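S.K.: I'd like to ask you about the structure that follows.
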Amino acid sequence: MKINISGLVARMTLHEKVMLCTGENSWRTQAFEPLDIPSILMSDGSSGVRFQKDSDVTIPQSFYESISGRFDSEEAISHTHEATCFPSASTVACSWDTDLLQKIGEALGEECRHLGINLLLGPGMNIRRHPLTARNFEYYSEDPYLTGEMASALVMGVQSKGIGTSLKHFACHNSDTRRTRVNAIVDERALREIYLAAFERVIRKAKPTTVMSAYNKINGASASEDPFLLNQILREEWGFEGAVISDWGAVKNVVEATKAGLDLQMPLSLSSSLYLENAVKNGELPEEMLDRRVTRILELVFKLTESVVPTMEVDFARHHQLAQYAAESSIVLLKNERQLLPLTRDKVRKIAVIGRLATEPLYQGTGCAVVNAQQVDIPLDCLRNLCEGKIEVVYAPGYDMDGVAIPELLREAAQLAEEADAILVFAGANLPQESDDYNRKHMNIEPGHRQLIEEVCALNHDSVLILANGESLAMPWVDRAAAVLETWFGGEGMGEALAKIVLGHVNPSGKLPATIPIKLSHTPAYLTFQGNQPDMYYNEGIYAGYRYYDKKEIAPRFPFGHGLSYTRFTYSNLKLSTNTLTLPGNLKVFVDITNSGERYGKEIVQLYLSQPISRLPRPPKELKGFTKVGLNPGETRTVEFILEERDFSYYNPEFGEWVADSAEFIVRIGASSRKIRLSATVKVDNPRKYYSVIRTDSGFTELFENEAAKEIFYRFMVENGLIEENQVNEELDQLLLWSFWGLQSFMDMNSKGIITYEKMNEVVAKMNAALPKQSE
């Protein structure tokens with residue numbers, strides 16, 4: 001039955017309206033039984049459902065009790081419903097597999113249904129601008145295209161089960177120190193091309209139910225109270241039709257938030273409700289603005305409850321297998337000297353497993369992302385089970401519970417290292433405790449883990465480092481080991497996945513979604529990421545991630561898109577559907593990929609686009625396509641990409657829109673951003689021309705872009721006796737283009753007072769009137 005929402009709004013009292021605009025508690029919207037308005041239940045968790053028992057019930061608490069609770073304490077986890085812990089976003093992005101992300105989304109949707117949850121607060125999809133941002137493990141990539149594709153797939157998966165999603169944190173949440181008040185100062189082009197582009201892609205492609213506004217400010221305006229962000233861009237430009245929810249406690253001024261386009265303020269805020277009600281009563285806020293909020297909240301509530309779906313049973317065993325497969329697909333083989341891996345029975349008889357993380361794995365992040373995992377695979381146990389007694393597996397902890405490598409444990413580890421054929425050293429980096437100063441303080445692994453690596457690897461060069469961390473690490477010790485596997489925060493199935501890869505049951509296929517630099521000072525935002533300052537300047541502009549390393553010609557430790565395999569892939573036969581593309585047409589790109597090795601494997605084929613000469617500066621290359629293809633030995637498959645007008649475009653603030661130049665572009669096909677295998681050139685013609693507005697201080701270069709404006713100017717010169725008709729030719733063009741002065745200054749110096757300010761303003765107005773409208 002279709003709900004008459006406008007009629008329902010008309011029946012509501014002012015008090016009921018303002019109460020609907022905030023939560024009933026921390027996780028539910030308000031229900032109004034006399035009006036037949038139900039409530040919806042929300043939960044954290046894009047890598048696993050984090051839902052505390054009885055959290056949907058309002059339980060009176062003292063002030064001290066309310067401020068002393070934590071999400072990730074042992075007590076809190078014990079009171080959280082068990083759920084499948086999938087790899088974190090920064091991990092599963094290494095899979096570059098949108099089909100996998102959709103399956104994970106479907107599983108998350110099923111587990112929400114199981115618990116009666118209507119809205120999942122995820123995915124997190126901010127750009128990983130800097131490796132010290134503590135919550136980067138919740139975000140996919142440093143690249144907006146990869147981020148947008150992965151997040152779109154997850155959203156479609158969750159929503160296919162009738163569960164809503166919430167894109168977060170919109171936008172520019174790139175620091176977790178002073179996160180509720182830091183001011184991200186970012187220019188419009190970088191904002192559009194880097195920090196908003198992924199959100200735009202998901203909204204247009206996957207149509208998410210809600211968007212969650214961020215805590216921070218953007219160019220001085222709080223994200224929850226910014227009409228430019230929430231109304232102009234999100235709704236008017238992108239056509240978003242869902243509801244905007246605040247991050248918990250993000251609203252500072254509820255009246256300004258209402259005017260800006262915020263809908264649901266979470267959690268329950270009695271003071272905001274009172275303030276909002278009074279603002280309407282005293283005329284500070286028109287009631288129609290409040291009604292818009294109420295309408296969108298009601299649309300959200302009825303959309304997620306219109307078909308009452310019974311809670312469903314969940315096949316947690318199947319979901320655990322999916323978590324294992326996700327970890328298998330996401331573990332990245334960073335290095336493999338002498339083809340040490342895999343450790344097959346013909347290579348080794350005895351493996352030494354060293355490091356307490358082999359028995360107490362670091363597999364997920366902290367804070368509100370913590371999942372009470374159903375079943376956690378222990379790496380050491382999984383290795384022993386797969387070896388089936390045919391390869392001896394011995395173990396030493398190497399460091400204590402706090403990660404300190406004490407002498408007795410080091411001696412035990414050293415003895416095993418000398419006796420074994422190969423060593424697996426487990427090391428990692430813990431996140432700091434969540435607080436107002438949450439950002440990581442460095443890129444290092446735990447000191448005791450580094451000491452273990454240095455001492456053990458010196459004794460046995462057949463060492464494999466197994467790393468666990470949520471974001472990139474500095475790796476000054478990487479050359480001490482023959483092989484390196486990066487598991488990131490691999491979820492509950494990481495142990496089994498790792499064992500299969502180490503022993504060759506699975507061929508690794510993950511690739512990096514973010515650059516790993518040699519050291520922190522090489523990172524794009526190094527000089528402006530203080531983390532504890534009120535203003536954070538994004539001075540690197542559009543040069544985020546690999547764009548910066550390419551532009552500055554800085555060699556990273558491991559580049560964006562890097563990841564090794566146990567087999568080899570050959571790229572050949574790159575073809576374009578045309579060598580001359582007229583927009584808005586599409587360009588098809590074909591390339592053959594062959595498994596030229598001896599075992600089955602998957603390759604992630606990456607397409608980058610370059611525009612060597614452009615109106616505005618552009619990065620040396622940008623990711624515009626990728627696909628993951630599985631191949632048997634000797635098998636060849638043709639991969640196809642389709643490039644659209646937007647792929648050739650950049651955001652031009654002068655015109656306020658995305659612009660594609662008529663220019664030559666280079667299509668590059670690579671195994672990573674630094675391993676370009678093939679390239680081809682396409683000439684792009686855009687019939688739609690863009691002309692700069694002419695001002696009195698414009699140069700002749702801008703003026704001569706448009707023939708009509710040029711003709712008007714030359715006629716003006718003739719009419720004022722400055723030149724003869726026969727002098728209008730290419731030679732005059734070159735003489736004027738030589739000038740570096742603006743029009744007014746040039747004419748002032750050379751016209752002997754003939755061209756007054758008034759005349760100059762008049763001819764500039766005529767020239768601008770002759771410029772085509774940008775919409776034409």
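Naming scheme: A, B, ... for chains in displayed order of the structure tokens; residues 1 onward per chain; ligands 1 onward as shown.
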Could the residues of range 254-369 of chain A that have an atom at most 7 Å from range 501-511 of chain A be listed as a Markdown table, each with its closest atom pair and the distance in Å to one decimal, counting only C-alpha atoms and ordered by chain and ascending residue number?
M.R.:
```
| residue | atom | partner | partner_atom | distance |
| --- | --- | --- | --- | --- |
| A:Glu328 | CA | A:Pro508 | CA | 6.8 |
| A:Ser329 | CA | A:Gly510 | CA | 5.6 |
| A:Ser330 | CA | A:Gly510 | CA | 4.5 |
| A:Ile331 | CA | A:Gly510 | CA | 5.3 |
| A:Val332 | CA | A:Gly510 | CA | 4.5 |
| A:Leu333 | CA | A:Pro508 | CA | 6.4 |
| A:Leu341 | CA | A:Val502 | CA | 6.4 |
| A:Pro342 | CA | A:Gly504 | CA | 4.8 |
| A:Leu343 | CA | A:Leu503 | CA | 4.9 |
| A:Thr344 | CA | A:Leu503 | CA | 5.6 |
```
S.K.: DSSP on the backbone: which residues in range 284-400 of chain A end up as helix (DSSP H, G or I)? Give the answer as a PDB file with N, CA, C and O atoms, in the first residue's frame.
M.R.:
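That gives us states.pdb:
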```pdb
ATOM      1  N   GLU A 287       8.936  26.467   8.544  1.00  0.00           N
ATOM      2  CA  GLU A 287       8.508  25.103   8.804  1.00  0.00           C
ATOM      3  C   GLU A 287       8.598  24.233   7.549  1.00  0.00           C
ATOM      4  O   GLU A 287       8.755  23.015   7.645  1.00  0.00           O
ATOM      5  N   GLU A 288       8.550  24.869   6.357  1.00  0.00           N
ATOM      6  CA  GLU A 288       8.669  24.080   5.124  1.00  0.00           C
ATOM      7  C   GLU A 288      10.014  23.369   5.057  1.00  0.00           C
ATOM      8  O   GLU A 288      10.124  22.273   4.503  1.00  0.00           O
ATOM      9  N   MET A 289      11.079  24.009   5.578  1.00  0.00           N
ATOM     10  CA  MET A 289      12.397  23.366   5.588  1.00  0.00           C
ATOM     11  C   MET A 289      12.389  22.150   6.502  1.00  0.00           C
ATOM     12  O   MET A 289      12.977  21.114   6.179  1.00  0.00           O
ATOM     13  N   LEU A 290      11.749  22.274   7.633  1.00  0.00           N
ATOM     14  CA  LEU A 290      11.625  21.135   8.539  1.00  0.00           C
ATOM     15  C   LEU A 290      10.810  20.029   7.876  1.00  0.00           C
ATOM     16  O   LEU A 290      11.154  18.843   7.989  1.00  0.00           O
ATOM     17  N   ASP A 291       9.751  20.410   7.168  1.00  0.00           N
ATOM     18  CA  ASP A 291       8.914  19.414   6.489  1.00  0.00           C
ATOM     19  C   ASP A 291       9.704  18.627   5.447  1.00  0.00           C
ATOM     20  O   ASP A 291       9.432  17.439   5.234  1.00  0.00           O
ATOM     21  N   ARG A 292      10.658  19.290   4.789  1.00  0.00           N
ATOM     22  CA  ARG A 292      11.489  18.565   3.814  1.00  0.00           C
ATOM     23  C   ARG A 292      12.298  17.473   4.508  1.00  0.00           C
ATOM     24  O   ARG A 292      12.446  16.366   4.000  1.00  0.00           O
ATOM     25  N   ARG A 293      12.841  17.812   5.669  1.00  0.00           N
ATOM     26  CA  ARG A 293      13.570  16.811   6.452  1.00  0.00           C
ATOM     27  C   ARG A 293      12.659  15.652   6.809  1.00  0.00           C
ATOM     28  O   ARG A 293      13.004  14.479   6.610  1.00  0.00           O
ATOM     29  N   VAL A 294      11.513  15.981   7.350  1.00  0.00           N
ATOM     30  CA  VAL A 294      10.572  14.956   7.803  1.00  0.00           C
ATOM     31  C   VAL A 294      10.144  14.068   6.643  1.00  0.00           C
ATOM     32  O   VAL A 294      10.071  12.836   6.774  1.00  0.00           O
ATOM     33  N   THR A 295       9.909  14.665   5.493  1.00  0.00           N
ATOM     34  CA  THR A 295       9.481  13.901   4.305  1.00  0.00           C
ATOM     35  C   THR A 295      10.538  12.893   3.909  1.00  0.00           C
ATOM     36  O   THR A 295      10.238  11.711   3.653  1.00  0.00           O
ATOM     37  N   ARG A 296      11.787  13.323   3.866  1.00  0.00           N
ATOM     38  CA  ARG A 296      12.848  12.396   3.442  1.00  0.00           C
ATOM     39  C   ARG A 296      13.080  11.301   4.477  1.00  0.00           C
ATOM     40  O   ARG A 296      13.388  10.159   4.123  1.00  0.00           O
ATOM     41  N   ILE A 297      12.944  11.626   5.759  1.00  0.00           N
ATOM     42  CA  ILE A 297      13.089  10.593   6.796  1.00  0.00           C
ATOM     43  C   ILE A 297      11.970   9.566   6.672  1.00  0.00           C
ATOM     44  O   ILE A 297      12.199   8.349   6.754  1.00  0.00           O
ATOM     45  N   LEU A 298      10.758  10.048   6.462  1.00  0.00           N
ATOM     46  CA  LEU A 298       9.628   9.124   6.306  1.00  0.00           C
ATOM     47  C   LEU A 298       9.797   8.256   5.056  1.00  0.00           C
ATOM     48  O   LEU A 298       9.498   7.054   5.076  1.00  0.00           O
ATOM     49  N   GLU A 299      10.277   8.843   3.975  1.00  0.00           N
ATOM     50  CA  GLU A 299      10.535   8.058   2.768  1.00  0.00           C
ATOM     51  C   GLU A 299      11.552   6.957   3.055  1.00  0.00           C
ATOM     52  O   GLU A 299      11.404   5.814   2.595  1.00  0.00           O
ATOM     53  N   LEU A 300      12.592   7.292   3.823  1.00  0.00           N
ATOM     54  CA  LEU A 300      13.602   6.307   4.193  1.00  0.00           C
ATOM     55  C   LEU A 300      12.994   5.202   5.051  1.00  0.00           C
ATOM     56  O   LEU A 300      13.199   4.006   4.784  1.00  0.00           O
ATOM     57  N   VAL A 301      12.255   5.571   6.075  1.00  0.00           N
ATOM     58  CA  VAL A 301      11.680   4.595   7.002  1.00  0.00           C
ATOM     59  C   VAL A 301      10.739   3.648   6.277  1.00  0.00           C
ATOM     60  O   VAL A 301      10.827   2.415   6.435  1.00  0.00           O
ATOM     61  N   PHE A 302       9.843   4.182   5.471  1.00  0.00           N
ATOM     62  CA  PHE A 302       8.873   3.314   4.797  1.00  0.00           C
ATOM     63  C   PHE A 302       9.528   2.478   3.701  1.00  0.00           C
ATOM     64  O   PHE A 302       9.113   1.343   3.452  1.00  0.00           O
ATOM     65  N   LYS A 303      10.564   3.021   3.070  1.00  0.00           N
ATOM     66  CA  LYS A 303      11.271   2.236   2.054  1.00  0.00           C
ATOM     67  C   LYS A 303      11.904   0.993   2.662  1.00  0.00           C
ATOM     68  O   LYS A 303      11.899  -0.086   2.061  1.00  0.00           O
ATOM     69  N   LEU A 304      12.459   1.141   3.864  1.00  0.00           N
ATOM     70  CA  LEU A 304      13.163   0.020   4.502  1.00  0.00           C
ATOM     71  C   LEU A 304      12.233  -0.876   5.325  1.00  0.00           C
ATOM     72  O   LEU A 304      12.684  -1.891   5.848  1.00  0.00           O
ATOM     73  N   THR A 305      10.964  -0.491   5.448  1.00  0.00           N
ATOM     74  CA  THR A 305      10.037  -1.321   6.234  1.00  0.00           C
ATOM     75  C   THR A 305       8.764  -1.663   5.461  1.00  0.00           C
ATOM     76  O   THR A 305       7.896  -2.349   6.004  1.00  0.00           O
ATOM     77  N   PHE A 316      26.440 -19.317   8.457  1.00  0.00           N
ATOM     78  CA  PHE A 316      27.715 -18.718   8.849  1.00  0.00           C
ATOM     79  C   PHE A 316      28.911 -19.513   8.332  1.00  0.00           C
ATOM     80  O   PHE A 316      29.979 -18.947   8.097  1.00  0.00           O
ATOM     81  N   ALA A 317      28.745 -20.812   8.132  1.00  0.00           N
ATOM     82  CA  ALA A 317      29.836 -21.611   7.571  1.00  0.00           C
ATOM     83  C   ALA A 317      30.147 -21.146   6.154  1.00  0.00           C
ATOM     84  O   ALA A 317      31.320 -21.016   5.759  1.00  0.00           O
ATOM     85  N   ARG A 318      29.094 -20.871   5.373  1.00  0.00           N
ATOM     86  CA  ARG A 318      29.303 -20.371   4.004  1.00  0.00           C
ATOM     87  C   ARG A 318      29.928 -18.983   4.031  1.00  0.00           C
ATOM     88  O   ARG A 318      30.813 -18.676   3.233  1.00  0.00           O
ATOM     89  N   HIS A 319      29.493 -18.158   4.959  1.00  0.00           N
ATOM     90  CA  HIS A 319      30.061 -16.814   5.059  1.00  0.00           C
ATOM     91  C   HIS A 319      31.524 -16.873   5.497  1.00  0.00           C
ATOM     92  O   HIS A 319      32.336 -16.052   5.059  1.00  0.00           O
ATOM     93  N   HIS A 320      31.852 -17.830   6.345  1.00  0.00           N
ATOM     94  CA  HIS A 320      33.254 -17.975   6.745  1.00  0.00           C
ATOM     95  C   HIS A 320      34.107 -18.381   5.543  1.00  0.00           C
ATOM     96  O   HIS A 320      35.232 -17.876   5.371  1.00  0.00           O
ATOM     97  N   GLN A 321      33.590 -19.267   4.731  1.00  0.00           N
ATOM     98  CA  GLN A 321      34.313 -19.650   3.518  1.00  0.00           C
ATOM     99  C   GLN A 321      34.489 -18.449   2.589  1.00  0.00           C
ATOM    100  O   GLN A 321      35.545 -18.285   1.956  1.00  0.00           O
ATOM    101  N   LEU A 322      33.462 -17.591   2.528  1.00  0.00           N
ATOM    102  CA  LEU A 322      33.577 -16.380   1.716  1.00  0.00           C
ATOM    103  C   LEU A 322      34.645 -15.455   2.292  1.00  0.00           C
ATOM    104  O   LEU A 322      35.415 -14.834   1.543  1.00  0.00           O
ATOM    105  N   ALA A 323      34.707 -15.370   3.622  1.00  0.00           N
ATOM    106  CA  ALA A 323      35.746 -14.546   4.258  1.00  0.00           C
ATOM    107  C   ALA A 323      37.130 -15.093   3.950  1.00  0.00           C
ATOM    108  O   ALA A 323      38.081 -14.323   3.717  1.00  0.00           O
ATOM    109  N   GLN A 324      37.265 -16.427   3.940  1.00  0.00           N
ATOM    110  CA  GLN A 324      38.544 -17.031   3.569  1.00  0.00           C
ATOM    111  C   GLN A 324      38.909 -16.705   2.126  1.00  0.00           C
ATOM    112  O   GLN A 324      40.049 -16.331   1.822  1.00  0.00           O
ATOM    113  N   TYR A 325      37.921 -16.845   1.228  1.00  0.00           N
ATOM    114  CA  TYR A 325      38.172 -16.564  -0.188  1.00  0.00           C
ATOM    115  C   TYR A 325      38.533 -15.088  -0.392  1.00  0.00           C
ATOM    116  O   TYR A 325      39.415 -14.756  -1.197  1.00  0.00           O
ATOM    117  N   ALA A 326      37.860 -14.206   0.347  1.00  0.00           N
ATOM    118  CA  ALA A 326      38.168 -12.784   0.248  1.00  0.00           C
ATOM    119  C   ALA A 326      39.607 -12.508   0.676  1.00  0.00           C
ATOM    120  O   ALA A 326      40.317 -11.713   0.049  1.00  0.00           O
ATOM    121  N   ALA A 327      40.048 -13.164   1.738  1.00  0.00           N
ATOM    122  CA  ALA A 327      41.438 -12.998   2.190  1.00  0.00           C
ATOM    123  C   ALA A 327      42.407 -13.570   1.169  1.00  0.00           C
ATOM    124  O   ALA A 327      43.449 -12.958   0.871  1.00  0.00           O
ATOM    125  N   GLU A 328      42.092 -14.740   0.601  1.00  0.00           N
ATOM    126  CA  GLU A 328      42.940 -15.322  -0.446  1.00  0.00           C
ATOM    127  C   GLU A 328      43.109 -14.353  -1.611  1.00  0.00           C
ATOM    128  O   GLU A 328      44.202 -14.214  -2.176  1.00  0.00           O
ATOM    129  N   SER A 329      42.010 -13.693  -1.973  1.00  0.00           N
ATOM    130  CA  SER A 329      42.016 -12.798  -3.130  1.00  0.00           C
ATOM    131  C   SER A 329      42.693 -11.473  -2.839  1.00  0.00           C
ATOM    132  O   SER A 329      43.009 -10.727  -3.780  1.00  0.00           O
ATOM    133  N   SER A 330      42.934 -11.177  -1.555  1.00  0.00           N
ATOM    134  CA  SER A 330      43.411  -9.856  -1.166  1.00  0.00           C
ATOM    135  C   SER A 330      44.839  -9.839  -0.643  1.00  0.00           C
ATOM    136  O   SER A 330      45.462  -8.768  -0.601  1.00  0.00           O
ATOM    137  N   GLU A 337      61.941 -13.357  -3.945  1.00  0.00           N
ATOM    138  CA  GLU A 337      63.261 -13.629  -4.514  1.00  0.00           C
ATOM    139  C   GLU A 337      63.499 -15.136  -4.636  1.00  0.00           C
ATOM    140  O   GLU A 337      63.078 -15.922  -3.781  1.00  0.00           O
ATOM    141  N   ARG A 338      64.168 -15.504  -5.701  1.00  0.00           N
ATOM    142  CA  ARG A 338      64.544 -16.899  -5.969  1.00  0.00           C
ATOM    143  C   ARG A 338      63.320 -17.818  -6.005  1.00  0.00           C
ATOM    144  O   ARG A 338      63.439 -19.013  -5.813  1.00  0.00           O
ATOM    145  N   GLN A 339      62.122 -17.191  -6.190  1.00  0.00           N
ATOM    146  CA  GLN A 339      60.879 -17.963  -6.210  1.00  0.00           C
ATOM    147  C   GLN A 339      60.780 -18.863  -4.975  1.00  0.00           C
ATOM    148  O   GLN A 339      60.400 -20.030  -5.041  1.00  0.00           O
ATOM    149  N   ARG A 356      54.332 -14.174  17.600  1.00  0.00           N
ATOM    150  CA  ARG A 356      53.097 -14.474  18.310  1.00  0.00           C
ATOM    151  C   ARG A 356      51.849 -14.211  17.474  1.00  0.00           C
ATOM    152  O   ARG A 356      50.797 -14.790  17.721  1.00  0.00           O
ATOM    153  N   LEU A 357      51.955 -13.356  16.451  1.00  0.00           N
ATOM    154  CA  LEU A 357      50.800 -13.103  15.601  1.00  0.00           C
ATOM    155  C   LEU A 357      50.375 -14.341  14.813  1.00  0.00           C
ATOM    156  O   LEU A 357      49.288 -14.368  14.243  1.00  0.00           O
ATOM    157  N   ALA A 358      51.218 -15.371  14.801  1.00  0.00           N
ATOM    158  CA  ALA A 358      50.825 -16.627  14.154  1.00  0.00           C
ATOM    159  C   ALA A 358      49.803 -17.392  14.977  1.00  0.00           C
ATOM    160  O   ALA A 358      49.054 -18.224  14.445  1.00  0.00           O
ATOM    161  N   GLY A 367      37.889   0.317  17.436  1.00  0.00           N
ATOM    162  CA  GLY A 367      36.776   1.244  17.536  1.00  0.00           C
ATOM    163  C   GLY A 367      35.470   0.650  17.063  1.00  0.00           C
ATOM    164  O   GLY A 367      35.167  -0.530  17.284  1.00  0.00           O
ATOM    165  N   CYS A 368      34.675   1.458  16.368  1.00  0.00           N
ATOM    166  CA  CYS A 368      33.341   1.021  15.957  1.00  0.00           C
ATOM    167  C   CYS A 368      33.392   0.015  14.818  1.00  0.00           C
ATOM    168  O   CYS A 368      32.347  -0.472  14.379  1.00  0.00           O
ATOM    169  N   ALA A 369      34.588  -0.310  14.312  1.00  0.00           N
ATOM    170  CA  ALA A 369      34.702  -1.306  13.247  1.00  0.00           C
ATOM    171  C   ALA A 369      34.909  -2.720  13.784  1.00  0.00           C
ATOM    172  O   ALA A 369      34.929  -3.673  13.015  1.00  0.00           O
ATOM    173  N   PRO A 379      46.608 -18.900  12.058  1.00  0.00           N
ATOM    174  CA  PRO A 379      47.574 -19.241  11.010  1.00  0.00           C
ATOM    175  C   PRO A 379      48.427 -20.473  11.304  1.00  0.00           C
ATOM    176  O   PRO A 379      48.604 -21.331  10.439  1.00  0.00           O
ATOM    177  N   LEU A 380      48.953 -20.591  12.520  1.00  0.00           N
ATOM    178  CA  LEU A 380      49.811 -21.733  12.837  1.00  0.00           C
ATOM    179  C   LEU A 380      49.038 -23.037  12.711  1.00  0.00           C
ATOM    180  O   LEU A 380      49.530 -24.014  12.115  1.00  0.00           O
ATOM    181  N   ASP A 381      47.822 -23.073  13.244  1.00  0.00           N
ATOM    182  CA  ASP A 381      47.012 -24.283  13.155  1.00  0.00           C
ATOM    183  C   ASP A 381      46.708 -24.628  11.704  1.00  0.00           C
ATOM    184  O   ASP A 381      46.751 -25.803  11.301  1.00  0.00           O
ATOM    185  N   CYS A 382      46.385 -23.627  10.911  1.00  0.00           N
ATOM    186  CA  CYS A 382      46.045 -23.860   9.505  1.00  0.00           C
ATOM    187  C   CYS A 382      47.252 -24.387   8.725  1.00  0.00           C
ATOM    188  O   CYS A 382      47.118 -25.274   7.880  1.00  0.00           O
ATOM    189  N   LEU A 383      48.433 -23.859   9.018  1.00  0.00           N
ATOM    190  CA  LEU A 383      49.651 -24.345   8.351  1.00  0.00           C
ATOM    191  C   LEU A 383      49.905 -25.803   8.697  1.00  0.00           C
ATOM    192  O   LEU A 383      50.203 -26.627   7.821  1.00  0.00           O
ATOM    193  N   ARG A 384      49.783 -26.146   9.956  1.00  0.00           N
ATOM    194  CA  ARG A 384      50.020 -27.532  10.373  1.00  0.00           C
ATOM    195  C   ARG A 384      48.991 -28.480   9.759  1.00  0.00           C
ATOM    196  O   ARG A 384      49.342 -29.589   9.298  1.00  0.00           O
ATOM    197  N   ASN A 385      47.745 -28.041   9.709  1.00  0.00           N
ATOM    198  CA  ASN A 385      46.710 -28.902   9.129  1.00  0.00           C
ATOM    199  C   ASN A 385      46.969 -29.157   7.653  1.00  0.00           C
ATOM    200  O   ASN A 385      46.827 -30.291   7.174  1.00  0.00           O
ATOM    201  N   LEU A 386      47.366 -28.121   6.917  1.00  0.00           N
ATOM    202  CA  LEU A 386      47.594 -28.286   5.480  1.00  0.00           C
ATOM    203  C   LEU A 386      48.869 -29.074   5.186  1.00  0.00           C
ATOM    204  O   LEU A 386      48.963 -29.739   4.155  1.00  0.00           O
ATOM    205  N   CYS A 387      49.826 -28.985   6.096  1.00  0.00           N
ATOM    206  CA  CYS A 387      51.067 -29.756   5.891  1.00  0.00           C
ATOM    207  C   CYS A 387      50.852 -31.250   6.129  1.00  0.00           C
ATOM    208  O   CYS A 387      51.630 -32.080   5.639  1.00  0.00           O
TER     209      CYS A 387
END
```
S.K.: Considering only C-alpha atoms, return as a ChimeraX atom specification whatever protein or nucleic-acid residues lie within 10 Å of Phe489 in chain A, sequence-local ones (same chain, fewer than 6 positions apart) excluded.
M.R.: /A:86-92,137-138,327,330-331,361-365,428,467-471
S.K.: Please save C-alpha atoms of the selected residues as a tab-separated table (two decimals), in the first residue's frame.
M.R.:
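Listing of out_33.tsv after writing:
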```tsv
chain	number	residue	atom	x	y	z
A	86	PHE	CA	35.38	-10.00	6.49
A	87	PRO	CA	38.66	-8.34	5.47
A	88	SER	CA	38.75	-4.61	6.10
A	89	ALA	CA	38.11	-2.25	3.20
A	90	SER	CA	41.80	-1.44	2.79
A	91	THR	CA	42.41	-5.19	2.52
A	92	VAL	CA	39.60	-6.33	0.27
A	137	PHE	CA	41.74	0.55	7.20
A	138	GLU	CA	38.02	1.30	6.72
A	327	ALA	CA	41.44	-13.00	2.19
A	330	SER	CA	43.41	-9.86	-1.17
A	331	ILE	CA	46.75	-11.01	0.25
A	361	PRO	CA	46.41	-12.97	14.64
A	362	LEU	CA	45.93	-9.29	14.02
A	363	TYR	CA	43.02	-9.44	11.60
A	364	GLN	CA	40.81	-6.37	12.14
A	365	GLY	CA	40.80	-2.73	13.18
A	428	GLY	CA	52.66	-6.14	12.26
A	467	LEU	CA	52.75	-8.64	7.69
A	468	ALA	CA	49.49	-7.55	9.36
A	469	ASN	CA	48.50	-3.88	9.38
A	470	GLY	CA	45.66	-1.62	8.31
A	471	GLU	CA	47.68	0.87	6.27
```
S.K.: If you run DSSP on this backbone, which residues of range 441-681 of chain A come out as strand (DSSP E), and could you give them as an MDAnalysis selection string?
M.R.: chainID A and resid 463:468 483:486 535:537 569:576 580:582 587:595 601:610 622:631 636:643 650:652 657:659 663:670 676:681
S.K.: Which neighbours of Glu645 in chain A fall inside 9 Å, counting only C-alpha atoms, when residues of the same chain fewer than 5 positions from it are skipped, and could you give them as a ChimeraX atom specification?
M.R.: /A:583-587,659-660
S.K.: Rank nothing, just name the residue among A:Val280, A:Tyr600, A:Ile203, A:Ile666 nearest to Pro620 in chain A, using only C-alpha atoms.
M.R.: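 Answer, going by the shortest atom-to-atom distance: A:Ile666.
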S.K.: Near Asn231 in chain A, within 9 Å and counting only C-alpha atoms, which residues show up once chain neighbours fewer than 5 positions away are dropped, as a list in words?
M.R.: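 Residues meeting the cut-off are Asp226, Glu236, Glu237, Ala260, Gly261 and Leu262 of chain A.
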S.K.: For the selection you just gave me, I'd like the residues written to a file as a PDB file, in the first residue's frame, keeping C-alpha atoms.
M.R.:
```pdb
ATOM      1  CA  ASP A 226      27.168  22.867   4.156  1.00  0.00           C
ATOM      2  CA  GLU A 236      21.076  19.039  -7.501  1.00  0.00           C
ATOM      3  CA  GLU A 237      24.140  17.975  -9.480  1.00  0.00           C
ATOM      4  CA  ALA A 260      21.910  22.879   4.387  1.00  0.00           C
ATOM      5  CA  GLY A 261      19.979  19.698   3.629  1.00  0.00           C
ATOM      6  CA  LEU A 262      20.723  17.344   6.528  1.00  0.00           C
TER       7      LEU A 262
END
```
S.K.: May I have the residues within 12 Å of range 25-34 of chain A as a PyMOL selection string, using only C-alpha atoms and disregarding those fewer than 6 positions away in the same chain?
M.R.: chain A and resi 8+11-13+15-19+40-44+50-60+66+116-121+245+247-249+263-270+294+297-298+300-302+304
S.K.: In Å, with one decimal, what is the gap from CA of Lys588 in chain A to CA of Ile642 in chain A?
M.R.: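 CA of Lys588 in chain A sits 4.6 Å away from CA of Ile642 in chain A.
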S.K.: Of the candidates A:Ala197, A:Ala214, A:Val370, A:Ala352, which one gets nearest to Trp658 in chain A if we count only C-alpha atoms?
M.R.: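 Closest candidate: A:Ala197.
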S.K.: Quick one: pull the distance between CA of Arg181 in chain A and CA of Glu277 in chain A, Å, one decimal.
M.R.: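 According to the coordinates, CA of Arg181 in chain A and CA of Glu277 in chain A are separated by 25.7 Å.
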S.K.: Work out how far apart CA of Thr366 in chain A and CA of Ile194 in chain A are and give it in Å to one decimal.
M.R.: 26.4 Å
S.K.: Point out the residue among A:Asn253, A:Thr627, A:Thr487, A:Ser692 with the least atom-to-atom distance to Tyr275 in chain A, counting only C-alpha atoms.
M.R.: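 Closest candidate: A:Asn253.
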